[in-house]
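The file structure.cif comes next; it holds mmCIF, C-alpha atoms.
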```cif
data_structure
#
loop_
_atom_site.label_atom_id
_atom_site.label_comp_id
_atom_site.auth_asym_id
_atom_site.auth_seq_id
_atom_site.Cartn_x
_atom_site.Cartn_y
_atom_site.Cartn_z
CA MET L 1 168.04 261.26 -48.71
CA SER L 2 167.12 260.45 -45.22
CA GLU L 3 169.10 261.51 -42.12
CA VAL L 4 172.19 259.51 -41.27
CA LEU L 5 172.39 258.41 -37.60
CA SER L 6 175.31 257.41 -35.50
CA VAL L 7 175.12 253.95 -33.89
CA SER L 8 174.49 255.54 -30.51
CA GLN L 9 171.73 257.64 -31.99
CA LEU L 10 170.19 254.48 -33.38
CA VAL L 11 170.28 252.83 -29.98
CA GLU L 12 168.77 255.95 -28.42
CA ALA L 13 166.06 256.13 -31.06
CA VAL L 14 165.16 252.48 -30.55
CA ASN L 15 165.06 252.93 -26.78
CA ASN L 16 162.85 256.00 -27.12
CA THR L 17 160.45 253.93 -29.15
CA LEU L 18 160.62 251.07 -26.65
CA GLN L 19 159.86 253.48 -23.80
CA SER L 20 156.17 253.12 -24.57
CA LEU L 21 156.45 249.47 -23.52
CA ALA L 22 157.84 250.32 -20.05
CA GLY L 23 155.95 248.84 -17.11
CA LEU L 24 155.08 245.59 -18.85
CA THR L 25 154.48 242.57 -16.69
CA VAL L 26 155.65 239.30 -18.20
CA GLU L 27 155.38 235.75 -16.91
CA GLY L 28 157.87 233.08 -17.88
CA GLU L 29 160.30 230.43 -16.71
CA VAL L 30 163.75 231.31 -15.45
CA GLU L 31 166.80 229.89 -17.20
CA GLN L 32 170.53 230.42 -16.70
CA PHE L 33 170.08 232.45 -13.57
CA LYS L 34 173.33 234.22 -12.53
CA ILE L 35 174.49 236.90 -10.16
CA ILE L 36 177.46 238.81 -11.53
CA HIS L 37 180.02 240.49 -9.19
CA ASN L 38 177.31 240.59 -6.56
CA LYS L 39 175.94 243.59 -8.49
CA TRP L 40 173.82 242.35 -11.38
CA VAL L 41 171.23 239.66 -11.75
CA ILE L 42 170.88 238.14 -15.19
CA PHE L 43 168.77 235.32 -16.51
CA SER L 44 166.70 234.32 -19.50
CA LEU L 45 162.96 234.34 -19.36
CA LYS L 46 161.35 231.82 -21.68
CA ASP L 47 158.21 230.03 -22.75
CA GLU L 48 157.80 227.16 -25.22
CA GLU L 49 158.87 229.20 -28.21
CA SER L 50 160.72 232.35 -27.15
CA SER L 51 163.46 233.46 -24.81
CA VAL L 52 164.41 237.00 -23.68
CA GLY L 53 167.50 238.12 -21.74
CA CYS L 54 166.68 239.83 -18.43
CA PHE L 55 168.83 242.14 -16.38
CA MET L 56 168.43 243.91 -13.04
CA PRO L 57 170.57 245.57 -10.36
CA ILE L 58 170.84 243.32 -7.32
CA TRP L 59 169.43 245.94 -4.91
CA ASP L 60 166.09 245.72 -6.70
CA PHE L 61 166.18 241.95 -6.53
CA LYS L 62 164.23 240.75 -3.48
CA ALA L 63 162.95 237.35 -4.46
CA GLN L 64 164.42 233.89 -4.26
CA VAL L 65 164.79 232.63 -7.80
CA GLU L 66 166.33 229.60 -9.41
CA ASP L 67 166.33 227.95 -12.83
CA GLY L 68 163.06 226.39 -13.86
CA MET L 69 161.01 228.67 -11.59
CA LEU L 70 157.94 230.41 -12.97
CA VAL L 71 158.23 234.15 -12.31
CA ARG L 72 156.34 237.31 -13.03
CA VAL L 73 158.62 240.23 -13.89
CA LYS L 74 158.10 243.95 -14.36
CA GLY L 75 160.43 245.97 -16.53
CA ARG L 76 161.15 247.77 -19.72
CA PRO L 77 162.64 246.34 -22.93
CA ALA L 78 165.86 248.07 -23.95
CA LEU L 79 168.52 247.87 -26.59
CA ARG L 80 171.92 247.81 -24.87
CA ASN L 81 174.72 249.76 -26.47
CA LYS L 82 176.54 246.50 -27.30
CA GLY L 83 173.68 245.81 -29.67
CA PHE L 84 171.83 243.13 -27.82
CA PHE L 85 168.33 243.34 -26.56
CA SER L 86 167.56 243.08 -22.84
CA PHE L 87 164.54 243.26 -20.60
CA VAL L 88 165.59 245.57 -17.72
CA LEU L 89 163.65 244.54 -14.62
CA SER L 90 162.43 246.49 -11.63
CA ASP L 91 160.72 243.54 -9.89
CA VAL L 92 160.75 239.76 -9.94
CA GLN L 93 158.23 237.63 -8.05
CA PRO L 94 157.66 233.90 -8.04
CA ALA L 95 154.43 233.15 -9.89
CA GLY L 96 152.02 230.44 -8.87
CA GLU L 97 151.88 228.15 -5.86
CA GLY L 98 154.77 225.92 -7.00
CA ALA L 99 157.17 228.82 -7.49
CA LEU L 100 156.12 230.46 -4.25
CA LYS L 101 156.79 227.22 -2.37
CA ARG L 102 160.17 226.87 -3.96
CA ALA L 103 161.05 230.51 -3.23
CA PHE L 104 159.91 229.98 0.34
CA GLU L 105 162.21 226.96 0.71
CA LEU L 106 165.15 228.82 -0.78
CA LEU L 107 164.73 231.82 1.54
CA LYS L 108 164.19 229.53 4.52
CA GLN L 109 167.47 227.75 3.80
CA LYS L 110 169.31 231.01 3.34
CA LEU L 111 168.04 232.59 6.57
CA ALA L 112 168.52 229.36 8.51
CA THR L 113 172.14 229.27 7.36
CA GLU L 114 172.51 232.82 8.68
CA GLY L 115 171.20 231.59 12.04
CA LEU L 116 168.08 233.77 12.05
CA PHE L 117 165.90 230.93 13.35
CA ALA L 118 168.41 229.51 15.83
CA PRO L 119 166.97 228.49 19.20
CA GLU L 120 169.74 230.33 21.05
CA ARG L 121 168.49 233.62 19.58
CA LYS L 122 165.08 233.16 21.20
CA ARG L 123 164.35 235.40 24.15
CA LEU L 124 161.94 234.59 26.95
CA LEU L 125 158.86 236.76 27.19
CA PRO L 126 158.30 238.61 30.47
CA ARG L 127 156.10 236.36 32.63
CA HIS L 128 153.66 239.16 33.39
CA PRO L 129 153.63 241.51 30.41
CA GLN L 130 151.72 244.72 30.97
CA ARG L 131 152.25 246.63 27.73
CA ILE L 132 151.65 244.74 24.49
CA ALA L 133 151.92 246.04 20.93
CA LEU L 134 149.60 244.36 18.44
CA VAL L 135 150.44 244.61 14.73
CA THR L 136 147.76 243.36 12.34
CA SER L 137 144.90 244.57 10.22
CA GLN L 138 141.87 245.91 12.01
CA GLU L 139 139.63 244.29 9.44
CA ALA L 140 141.12 240.84 9.94
CA ALA L 141 139.48 238.21 12.12
CA ALA L 142 142.90 237.80 13.69
CA TYR L 143 142.50 241.17 15.44
CA ASN L 144 139.33 240.13 17.26
CA ASP L 145 140.50 236.57 17.88
CA PHE L 146 143.65 237.79 19.56
CA LEU L 147 141.93 240.40 21.74
CA LYS L 148 139.12 238.03 22.71
CA VAL L 149 141.41 235.23 23.82
CA LEU L 150 143.70 237.73 25.55
CA ALA L 151 140.85 239.21 27.61
CA ALA L 152 139.65 235.70 28.48
CA ARG L 153 143.06 235.02 29.98
CA PHE L 154 144.11 238.26 31.63
CA GLY L 155 142.79 241.76 32.27
CA GLY L 156 144.07 245.24 32.97
CA LEU L 157 146.62 245.10 30.16
CA ASP L 158 147.63 248.01 27.95
CA ILE L 159 147.34 247.08 24.28
CA TYR L 160 148.78 249.36 21.61
CA PHE L 161 147.26 248.52 18.28
CA LEU L 162 149.12 249.32 15.06
CA HIS L 163 146.98 248.81 11.99
CA THR L 164 148.74 247.62 8.83
CA GLN L 165 147.78 245.84 5.67
CA VAL L 166 148.58 242.16 6.03
CA GLN L 167 148.53 241.27 2.36
CA GLY L 168 149.22 243.01 -0.90
CA GLU L 169 152.16 244.82 -2.31
CA ASP L 170 152.53 247.44 0.39
CA ALA L 171 152.01 245.11 3.34
CA PRO L 172 155.71 244.32 3.96
CA ARG L 173 156.65 248.01 4.09
CA GLN L 174 153.79 248.82 6.47
CA ILE L 175 154.57 245.89 8.75
CA ILE L 176 158.24 246.81 8.94
CA ALA L 177 157.31 250.44 9.69
CA ALA L 178 154.89 249.34 12.43
CA LEU L 179 157.52 247.11 14.06
CA GLU L 180 160.01 249.96 13.95
CA TYR L 181 157.48 252.42 15.37
CA ALA L 182 156.59 250.09 18.25
CA ASN L 183 160.23 249.41 19.10
CA THR L 184 161.16 253.07 18.97
CA ASN L 185 158.16 254.98 20.28
CA LEU L 186 156.35 252.74 22.74
CA LYS L 187 158.13 252.96 26.07
CA ASP L 188 158.50 249.92 28.32
CA LEU L 189 156.89 247.65 25.79
CA ASP L 190 156.90 244.06 27.09
CA VAL L 191 155.81 242.07 24.06
CA LEU L 192 155.31 242.72 20.35
CA VAL L 193 152.63 240.59 18.70
CA LEU L 194 152.27 240.15 14.94
CA VAL L 195 149.24 238.14 13.76
CA ARG L 196 147.24 237.37 10.68
CA GLY L 197 144.58 234.80 9.87
CA GLY L 198 144.89 231.96 7.41
CA GLY L 199 145.25 232.23 3.63
CA SER L 200 147.06 230.92 0.60
CA LEU L 201 150.83 231.06 0.38
CA GLU L 202 150.36 234.13 -1.80
CA ASP L 203 148.07 235.78 0.80
CA LEU L 204 150.66 235.15 3.50
CA HIS L 205 153.49 236.37 1.34
CA ALA L 206 154.21 239.46 3.45
CA PHE L 207 155.16 237.17 6.32
CA ASN L 208 157.62 235.31 4.10
CA ASP L 209 159.10 238.53 2.81
CA GLU L 210 162.80 238.65 3.56
CA SER L 211 162.77 242.22 4.92
CA VAL L 212 159.80 241.48 7.19
CA VAL L 213 161.45 238.32 8.49
CA ARG L 214 164.64 240.27 9.20
CA ALA L 215 162.67 243.05 10.92
CA VAL L 216 161.01 240.50 13.20
CA ALA L 217 164.37 238.94 14.02
CA ALA L 218 165.83 242.40 14.74
CA SER L 219 162.98 243.56 17.03
CA ARG L 220 164.32 244.91 20.33
CA THR L 221 161.09 243.89 22.04
CA PRO L 222 160.47 240.13 22.36
CA THR L 223 158.12 238.97 19.63
CA VAL L 224 155.19 236.57 19.32
CA VAL L 225 154.18 235.84 15.75
CA GLY L 226 151.12 233.78 14.83
CA ILE L 227 150.18 233.63 11.17
CA GLY L 228 147.48 231.60 9.49
CA HIS L 229 146.22 228.20 10.52
CA GLU L 230 148.00 225.61 12.56
CA ARG L 231 149.55 223.90 9.52
CA ASP L 232 150.90 227.12 7.97
CA VAL L 233 154.49 227.97 8.67
CA CYS L 234 155.71 231.46 7.90
CA LEU L 235 159.32 232.54 8.05
CA ALA L 236 158.33 235.50 10.24
CA GLU L 237 157.08 232.95 12.80
CA LEU L 238 160.36 231.08 12.69
CA ALA L 239 162.25 234.32 13.29
CA ALA L 240 160.04 235.27 16.26
CA ASP L 241 161.04 234.67 19.87
CA VAL L 242 157.81 232.76 20.34
CA ARG L 243 156.09 231.03 17.45
CA ALA L 244 152.34 230.81 17.73
CA SER L 245 150.29 228.56 15.49
CA THR L 246 147.34 230.96 15.21
CA PRO L 247 146.37 234.47 16.38
CA SER L 248 144.43 232.92 19.30
CA ASN L 249 147.45 230.83 20.20
CA ALA L 250 149.53 234.02 20.14
CA ALA L 251 147.32 235.40 22.94
CA GLU L 252 147.68 232.14 24.87
CA LEU L 253 151.45 232.29 24.63
CA ALA L 254 151.72 236.02 25.36
CA VAL L 255 150.07 235.95 28.81
CA ARG L 256 149.46 233.35 31.48
CA SER L 257 145.83 232.69 32.35
CA ARG L 258 144.21 234.17 35.46
CA GLU L 259 143.59 230.64 36.77
CA GLU L 260 147.22 229.65 36.40
CA VAL L 261 148.45 232.82 38.10
CA ALA L 262 145.81 232.61 40.84
CA SER L 263 146.75 229.04 41.63
CA ALA L 264 150.46 229.96 41.73
CA ILE L 265 149.64 232.79 44.18
CA ILE L 266 147.56 230.45 46.34
CA ASN L 267 150.36 227.88 46.35
CA MET L 268 152.79 230.53 47.51
CA THR L 269 150.59 231.87 50.31
CA GLU L 270 149.72 228.35 51.45
CA TYR L 271 153.39 227.48 51.56
CA MET L 272 154.16 230.53 53.71
CA ARG L 273 151.19 229.89 55.99
CA GLY L 274 152.17 226.24 56.37
CA LYS L 275 155.74 227.08 57.20
CA VAL L 276 154.78 229.73 59.76
CA LEU L 277 152.25 227.39 61.43
CA MET L 278 154.71 224.51 61.48
CA ASP L 279 157.31 226.75 63.00
CA LEU L 280 154.88 227.95 65.67
CA ARG L 281 153.88 224.36 66.44
CA GLU L 282 157.49 223.26 66.69
CA LYS L 283 158.32 226.12 69.01
CA SER L 284 155.30 225.43 71.20
CA GLN L 285 156.20 221.73 71.36
CA SER L 286 159.73 222.65 72.28
CA VAL L 287 158.45 224.84 75.15
CA ASP L 288 156.24 221.94 76.29
CA ARG L 289 159.21 219.60 76.21
CA GLN L 290 161.32 221.98 78.24
CA VAL L 291 158.56 222.46 80.78
CA ALA L 292 158.32 218.66 81.07
CA VAL L 293 162.07 218.41 81.59
CA LEU L 294 161.92 221.06 84.33
CA LYS L 295 159.00 219.23 85.95
CA ASN L 296 161.00 216.00 85.96
CA LEU L 297 163.98 217.77 87.42
CA THR L 298 162.00 219.40 90.26
CA ALA L 299 160.17 216.13 90.93
CA GLY L 300 163.56 214.47 91.34
CA PHE L 301 164.72 217.17 93.72
CA ARG L 302 161.55 216.91 95.73
CA GLN L 303 161.86 213.15 96.07
CA GLN L 304 165.47 213.46 97.12
CA THR L 305 164.66 216.16 99.64
CA GLU L 306 161.86 214.05 101.05
CA ALA L 307 164.24 211.11 101.29
CA TRP L 308 166.75 213.24 103.14
CA VAL L 309 164.12 214.57 105.51
CA GLU L 310 163.01 211.02 106.23
CA ARG L 311 166.56 209.89 106.80
CA LEU L 312 167.21 212.88 109.08
CA GLN L 313 164.05 212.17 111.00
CA GLU L 314 165.13 208.57 111.39
CA ILE L 315 168.54 209.59 112.70
CA PHE L 316 167.41 212.41 114.94
CA GLY L 317 164.05 210.93 115.82
CA VAL L 318 165.59 207.96 117.74
CA ALA L 319 168.18 210.05 119.64
CA VAL L 320 165.66 212.63 120.75
CA GLY L 321 163.28 209.93 122.00
CA ASP L 322 166.01 208.39 124.24
CA LYS L 323 167.02 211.71 125.80
CA GLN L 324 163.38 212.64 126.48
CA GLN L 325 162.89 209.34 128.39
CA ALA L 326 165.98 209.91 130.52
CA LEU L 327 165.02 213.48 131.27
CA LEU L 328 161.58 212.38 132.44
CA GLN L 329 163.02 209.82 134.87
CA THR L 330 165.54 212.27 136.27
CA THR L 331 162.83 214.86 136.75
CA ARG L 332 160.72 212.32 138.66
CA LEU L 333 163.65 211.32 140.84
CA LEU L 334 164.48 214.94 141.55
CA ALA L 335 160.87 215.61 142.41
CA SER L 336 160.75 212.72 144.85
CA LEU L 337 163.88 214.02 146.54
CA SER L 338 162.59 217.58 146.96
CA PRO L 339 162.41 218.73 150.72
CA ALA L 340 158.95 220.09 150.06
CA ASN L 341 157.77 216.61 149.20
CA ILE L 342 159.35 215.22 152.38
CA LEU L 343 157.62 217.89 154.51
CA ARG L 344 154.38 216.96 152.75
CA ARG L 345 154.77 213.45 154.16
CA GLY L 346 154.68 214.94 157.79
CA PHE L 347 158.35 215.65 158.37
CA SER L 348 159.51 219.10 159.64
CA ILE L 349 162.78 221.03 159.60
CA THR L 350 163.95 222.72 162.78
CA LYS L 351 166.24 225.73 162.71
CA ASN L 352 167.93 227.64 165.59
CA GLU L 353 167.82 231.36 166.04
CA ALA L 354 170.72 231.70 163.57
CA GLY L 355 168.67 229.85 161.02
CA ASP L 356 170.90 226.74 161.03
CA ILE L 357 169.21 223.36 160.75
CA VAL L 358 169.20 221.59 164.14
CA LYS L 359 170.22 217.95 163.71
CA SER L 360 170.68 217.03 167.51
CA ALA L 361 168.80 218.02 170.72
CA LEU L 362 172.12 218.39 172.44
CA GLN L 363 172.87 221.41 170.35
CA LEU L 364 170.09 223.35 172.03
CA PRO L 365 170.40 224.94 175.52
CA ALA L 366 167.21 225.46 177.63
CA GLY L 367 165.36 228.56 176.68
CA ALA L 368 166.59 228.50 173.07
CA VAL L 369 164.01 229.60 170.57
CA ILE L 370 163.62 227.31 167.60
CA THR L 371 161.58 227.51 164.43
CA SER L 372 159.97 224.40 162.93
CA GLN L 373 159.17 224.49 159.20
CA LEU L 374 156.18 222.32 158.25
CA ALA L 375 154.76 221.51 154.88
CA ARG L 376 152.49 224.43 155.43
CA GLY L 377 153.61 227.23 157.75
CA GLU L 378 156.13 227.49 160.59
CA ILE L 379 155.95 227.08 164.40
CA GLU L 380 158.15 229.05 166.84
CA SER L 381 158.88 227.21 170.17
CA THR L 382 161.02 227.68 173.33
CA VAL L 383 163.13 224.75 174.57
CA ASN L 384 162.41 223.76 178.26
CA MET R 1 149.98 250.04 47.99
CA THR R 2 147.88 252.41 45.90
CA GLU R 3 146.04 251.21 42.83
CA GLU R 4 147.85 253.56 40.43
CA LYS R 5 151.29 252.47 41.44
CA PHE R 6 150.54 248.76 41.54
CA VAL R 7 152.64 246.89 39.01
CA PHE R 8 151.58 243.29 38.74
CA ALA R 9 154.94 241.90 37.66
CA LYS R 10 156.76 243.72 40.48
CA ALA R 11 154.33 242.66 43.17
CA TYR R 12 154.47 239.07 41.92
CA GLU R 13 158.26 239.10 42.02
CA GLU R 14 158.28 240.51 45.53
CA LEU R 15 155.93 237.76 46.66
CA GLU R 16 158.11 235.12 45.00
CA LYS R 17 161.18 236.58 46.68
CA ILE R 18 159.55 236.35 50.11
CA VAL R 19 158.48 232.76 49.45
CA SER R 20 161.90 231.69 48.20
CA ASP R 21 163.44 233.31 51.30
CA PHE R 22 161.04 231.33 53.44
CA GLU R 23 162.14 228.19 51.62
CA SER R 24 165.80 228.84 52.13
CA HIS R 25 166.10 229.44 55.87
CA GLU R 26 164.78 228.56 59.30
CA LEU R 27 162.13 231.06 60.26
CA ASP R 28 162.85 233.78 62.73
CA LEU R 29 159.31 234.71 63.68
CA GLU R 30 160.34 238.10 65.04
CA LYS R 31 161.67 239.04 61.60
CA ASP R 32 159.59 236.80 59.35
CA LEU R 33 156.09 237.41 60.65
CA PRO R 34 156.02 240.94 59.20
CA ARG R 35 157.28 239.52 55.89
CA PHE R 36 154.58 236.85 56.04
CA GLU R 37 152.03 239.62 56.50
CA ARG R 38 153.54 241.52 53.59
CA GLY R 39 153.30 238.38 51.47
CA LEU R 40 149.60 237.97 52.27
CA GLU R 41 149.03 241.63 51.45
CA LEU R 42 150.75 241.23 48.07
CA ALA R 43 148.81 238.06 47.32
CA ALA R 44 145.54 239.84 48.09
CA ALA R 45 146.43 242.76 45.82
CA LEU R 46 147.49 240.39 43.03
CA LYS R 47 144.28 238.39 43.31
CA LYS R 48 142.26 241.60 43.23
CA ARG R 49 144.05 242.60 40.04
CA LEU R 50 143.24 239.21 38.49
CA LYS R 51 139.56 240.13 38.74
CA GLU R 52 139.97 242.85 36.10
CA ILE R 53 138.32 241.60 32.93
CA GLU R 54 139.01 244.26 30.35
CA ASN R 55 142.13 245.31 28.50
CA LYS R 56 142.65 248.86 27.31
CA VAL R 57 143.24 249.05 23.56
CA THR R 58 144.89 252.21 22.22
CA LYS R 59 145.02 252.58 18.47
CA ILE R 60 148.22 254.16 17.25
CA GLU R 61 147.45 256.40 14.31
CA GLN R 62 150.55 256.69 12.22
CA LYS R 63 151.44 257.48 8.64
CA TYR R 64 153.21 254.17 8.12
CA SER R 65 149.89 252.56 7.22
CA ASP R 66 149.25 255.06 4.40
CA LYS R 67 150.31 254.23 0.94
CA GLU R 68 153.24 256.26 -0.34
#
```
Kindly transcribe the structure held in the file into structure tokens.
Amino acid sequence: MSEVLSVSQLVEAVNNTLQSLAGLTVEGEVEQFKIIHNKWVIFSLKDEESSVGCFMPIWDFKAQVEDGMLVRVKGRPALRNKGFFSFVLSDVQPAGEGALKRAFELLKQKLATEGLFAPERKRLLPRHPQRIALVTSQEAAAYNDFLKVLAARFGGLDIYFLHTQVQGEDAPRQIIAALEYANTNLKDLDVLVLVRGGGSLEDLHAFNDESVVRAVAASRTPTVVGIGHERDVCLAELAADVRASTPSNAAELAVRSREEVASAIINMTEYMRGKVLMDLREKSQSVDRQVAVLKNLTAGFRQQTEAWVERLQEIFGVAVGDKQQALLQTTRLLASLSPANILRRGFSITKNEAGDIVKSALQLPAGAVITSQLARGEIESTVN
Amino acid sequence: MTEEKFVFAKAYEELEKIVSDFESHELDLEKDLPRFERGLELAAALKKRLKEIENKVTKIEQKYSDKE
């Protein structure tokens, strides 16, 4: 007689046997997708003929899934102790372009509702960044494109390059670690740039990974993200402060061009020069004007003074002329009356011994001595 | 202004500050001529810096890029 098992032992025995099937990857369509108590994810995975119940803890569930979506799951088949069979999953990923697109749309809606892409969250980049962190793969064309365009625009910058995978399973973890490293360890970082060249939706998956998108949104350094070609939109781009269409465009948006900056500098110096020159010209004109005003003033004074002088000359000039005439006549008259002039005409003056002028012969006794004054000289005589 | 200490963004901001001051008031040549000279000096240093053609790329070697 064979060994008798308890029910639990049966379940254990079955699960031990099933253990050899752990790590299977299965592709199928999702049906009856549910999240229970925000703890468990359950759904059925089916194809045309079969259907299997799937189960996974929500913390392992990182994809956006809905009914009808084609997914690829990893897990192990197990017999639950209630007696039903379940495929216990460790990973769920959308499978194929259609499912990826749908998952992309679902995550986009979810993050948009959270406000992760809101314009008011966007920060301005510093106008003249000096220290730039570049996160991409060294092998990718994006690396060279970015650096080439950057150097064509501006020089003397400090670039810190953090190499990561940009596709494949481990890419999201590496990118998140690089963003964290740059934010934490690079001092005075001005801009954080995340770029990758073009590819299929599957190739670009790391940049639509929810954790990566959240890490970009949470970056303490302003971010520029440029993934793929112009037409590609990645959620990491939408979460960035500045969305670039391509890696080259990321370089264009990260720094201003030399020409632009040079012309701004020239405009500024020309403005200053112009203002200083205009000010000097105005001041010099003002001095000229004041000098002209002073000249006018002094000219006025001079004219007035000259007018006064003329007027004074008129007044005094006439009076002086009259007096001079009168003085001349008086002088002539006086001169004609002078005794010397009379003597010159032949008259003489006779004086007695006392020196008195003798005006009558009767005044003189005989023998008196008299003196006659002539025009020239004197004569002494004795009266007979 | 020594080459080592020159910070482009700072010099550019100082120049902008001088220019916006010039825009906002009547000049006092006594005070503003030295600032004008300072502005020209900054502009010359900035233009000199614009002539640099190469960027310095430092590769950060970290474990985060290794597979676990």
Residues of chain R near chain L: apply a cut-off of 7 Å, count all atoms listed in the file, and supply the list as a PDB file with C-alpha atoms, keeping the file's coordinate frame.
```pdb
ATOM      1  CA  ALA R   9     154.940 241.900  37.660  1.00  0.00           C
ATOM      2  CA  VAL R  19     158.480 232.760  49.450  1.00  0.00           C
ATOM      3  CA  PHE R  22     161.040 231.330  53.440  1.00  0.00           C
ATOM      4  CA  PHE R  36     154.580 236.850  56.040  1.00  0.00           C
ATOM      5  CA  LEU R  40     149.600 237.970  52.270  1.00  0.00           C
ATOM      6  CA  ALA R  43     148.810 238.060  47.320  1.00  0.00           C
ATOM      7  CA  LYS R  47     144.280 238.390  43.310  1.00  0.00           C
ATOM      8  CA  LEU R  50     143.240 239.210  38.490  1.00  0.00           C
ATOM      9  CA  GLU R  52     139.970 242.850  36.100  1.00  0.00           C
ATOM     10  CA  ILE R  53     138.320 241.600  32.930  1.00  0.00           C
ATOM     11  CA  GLU R  54     139.010 244.260  30.350  1.00  0.00           C
ATOM     12  CA  ASN R  55     142.130 245.310  28.500  1.00  0.00           C
ATOM     13  CA  LYS R  56     142.650 248.860  27.310  1.00  0.00           C
ATOM     14  CA  VAL R  57     143.240 249.050  23.560  1.00  0.00           C
ATOM     15  CA  THR R  58     144.890 252.210  22.220  1.00  0.00           C
ATOM     16  CA  LYS R  59     145.020 252.580  18.470  1.00  0.00           C
ATOM     17  CA  ILE R  60     148.220 254.160  17.250  1.00  0.00           C
ATOM     18  CA  TYR R  64     153.210 254.170   8.120  1.00  0.00           C
ATOM     19  CA  SER R  65     149.890 252.560   7.220  1.00  0.00           C
TER      20      SER R  65
END
```
Exercise. For the atom pair atom CA of Ser284 of chain L and atom CA of Ser20 of chain R, what is the interatomic distance in Å to one decimal place?
Worked result: 24.7 Å
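Residues lying within 12 Å of segment 281-283 of chain L, counting only C-alpha atoms and ignoring same-chain neighbours fewer than 5 positions away, are Gly274, Lys275, Val276, Asp288, Arg289 and Gln290 of chain L; Glu26, Leu27, Asp28 and Leu29 of chain R.
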Go ahead and save the picked residues with C-alpha atoms, as a CSV table (one decimal), in the frame of the given file.
```csv
chain,number,residue,atom,x,y,z
L,274,GLY,CA,152.2,226.2,56.4
L,275,LYS,CA,155.7,227.1,57.2
L,276,VAL,CA,154.8,229.7,59.8
L,288,ASP,CA,156.2,221.9,76.3
L,289,ARG,CA,159.2,219.6,76.2
L,290,GLN,CA,161.3,222.0,78.2
R,26,GLU,CA,164.8,228.6,59.3
R,27,LEU,CA,162.1,231.1,60.3
R,28,ASP,CA,162.8,233.8,62.7
R,29,LEU,CA,159.3,234.7,63.7
```
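Among the candidates L:Ala78, L:Lys323, L:Pro339, L:Gln329, the residue lying nearest to Asn16 of chain L is L:Ala78 (atoms considered: all atoms listed in the file).
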For this session: Given the file shown, determine the residues that the PyMOL selection byres ((chain L and resi 31-40) around 8) selects; report them as JSON, numbers by chain.
Result: {"L": [29, 30, 41, 42, 43, 44, 45, 46, 55, 56, 57, 58, 59, 65, 66, 67, 68]}
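Residue neighbourhood of Gln19 of chain L, excluding near-sequence residues (fewer than 5 positions): Glu12, Ala13, Val14, Leu24, Gly75, Arg76, Pro77, Ala78, Leu79, Phe87 and Val88 of chain L, at 12 Å, using all atoms listed in the file.
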Problem set entry | Picked residues, the PyMOL selection byres ((chain L and resi 345-348) around 7), expected as a PyMOL selection string | chain L and resi 341-344+349-350+372-374
For this session: Compile the contact shell of Phe104 of chain L as a PyMOL selection string: residues with an atom at most 7 Å away, counting all atoms listed in the file, same-chain residues fewer than 4 positions apart removed.
Result: chain L and resi 100+108+208
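Close contacts of Gln64 of chain L, defined as residues with an atom at most 12 Å away when counting only C-alpha atoms, with chain neighbours fewer than 5 positions off set aside, comprise Val30, Phe33, Val41, Ile58, Met69, Leu70, Val71, Asp91, Val92, Gln93, Pro94, Ala95, Ala99, Leu100, Lys101, Arg102, Ala103, Phe104, Glu105, Leu106, Leu107, Lys108, Gln109, Lys110, Leu111, Asn208, Asp209 and Glu210 of chain L.
A straight line drawn from atom CA of Ser86 of chain L to atom CA of Val52 of chain L is 6.9 Å long.
Across R:Gly39, R:Lys31, R:Glu61, R:Arg49, the tightest approach to Ile18 of chain R is made by R:Gly39 when counting all atoms listed in the file.
Going from atom CA of Phe117 of chain L to atom CA of Ala142 of chain L covers 24.0 Å.
Close contacts of Ala11 of chain R, defined as residues with an atom at most 7 Å away when counting all atoms listed in the file, with chain neighbours fewer than 4 positions off set aside, comprise R:Val7, R:Leu15, R:Leu42.
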Those selected residues, please, written with C-alpha atoms and delivered as a PDB file, in the frame of the given file.
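The result, stored in part.pdb:
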```pdb
ATOM      1  CA  VAL R   7     152.640 246.890  39.010  1.00  0.00           C
ATOM      2  CA  LEU R  15     155.930 237.760  46.660  1.00  0.00           C
ATOM      3  CA  LEU R  42     150.750 241.230  48.070  1.00  0.00           C
TER       4      LEU R  42
END
```
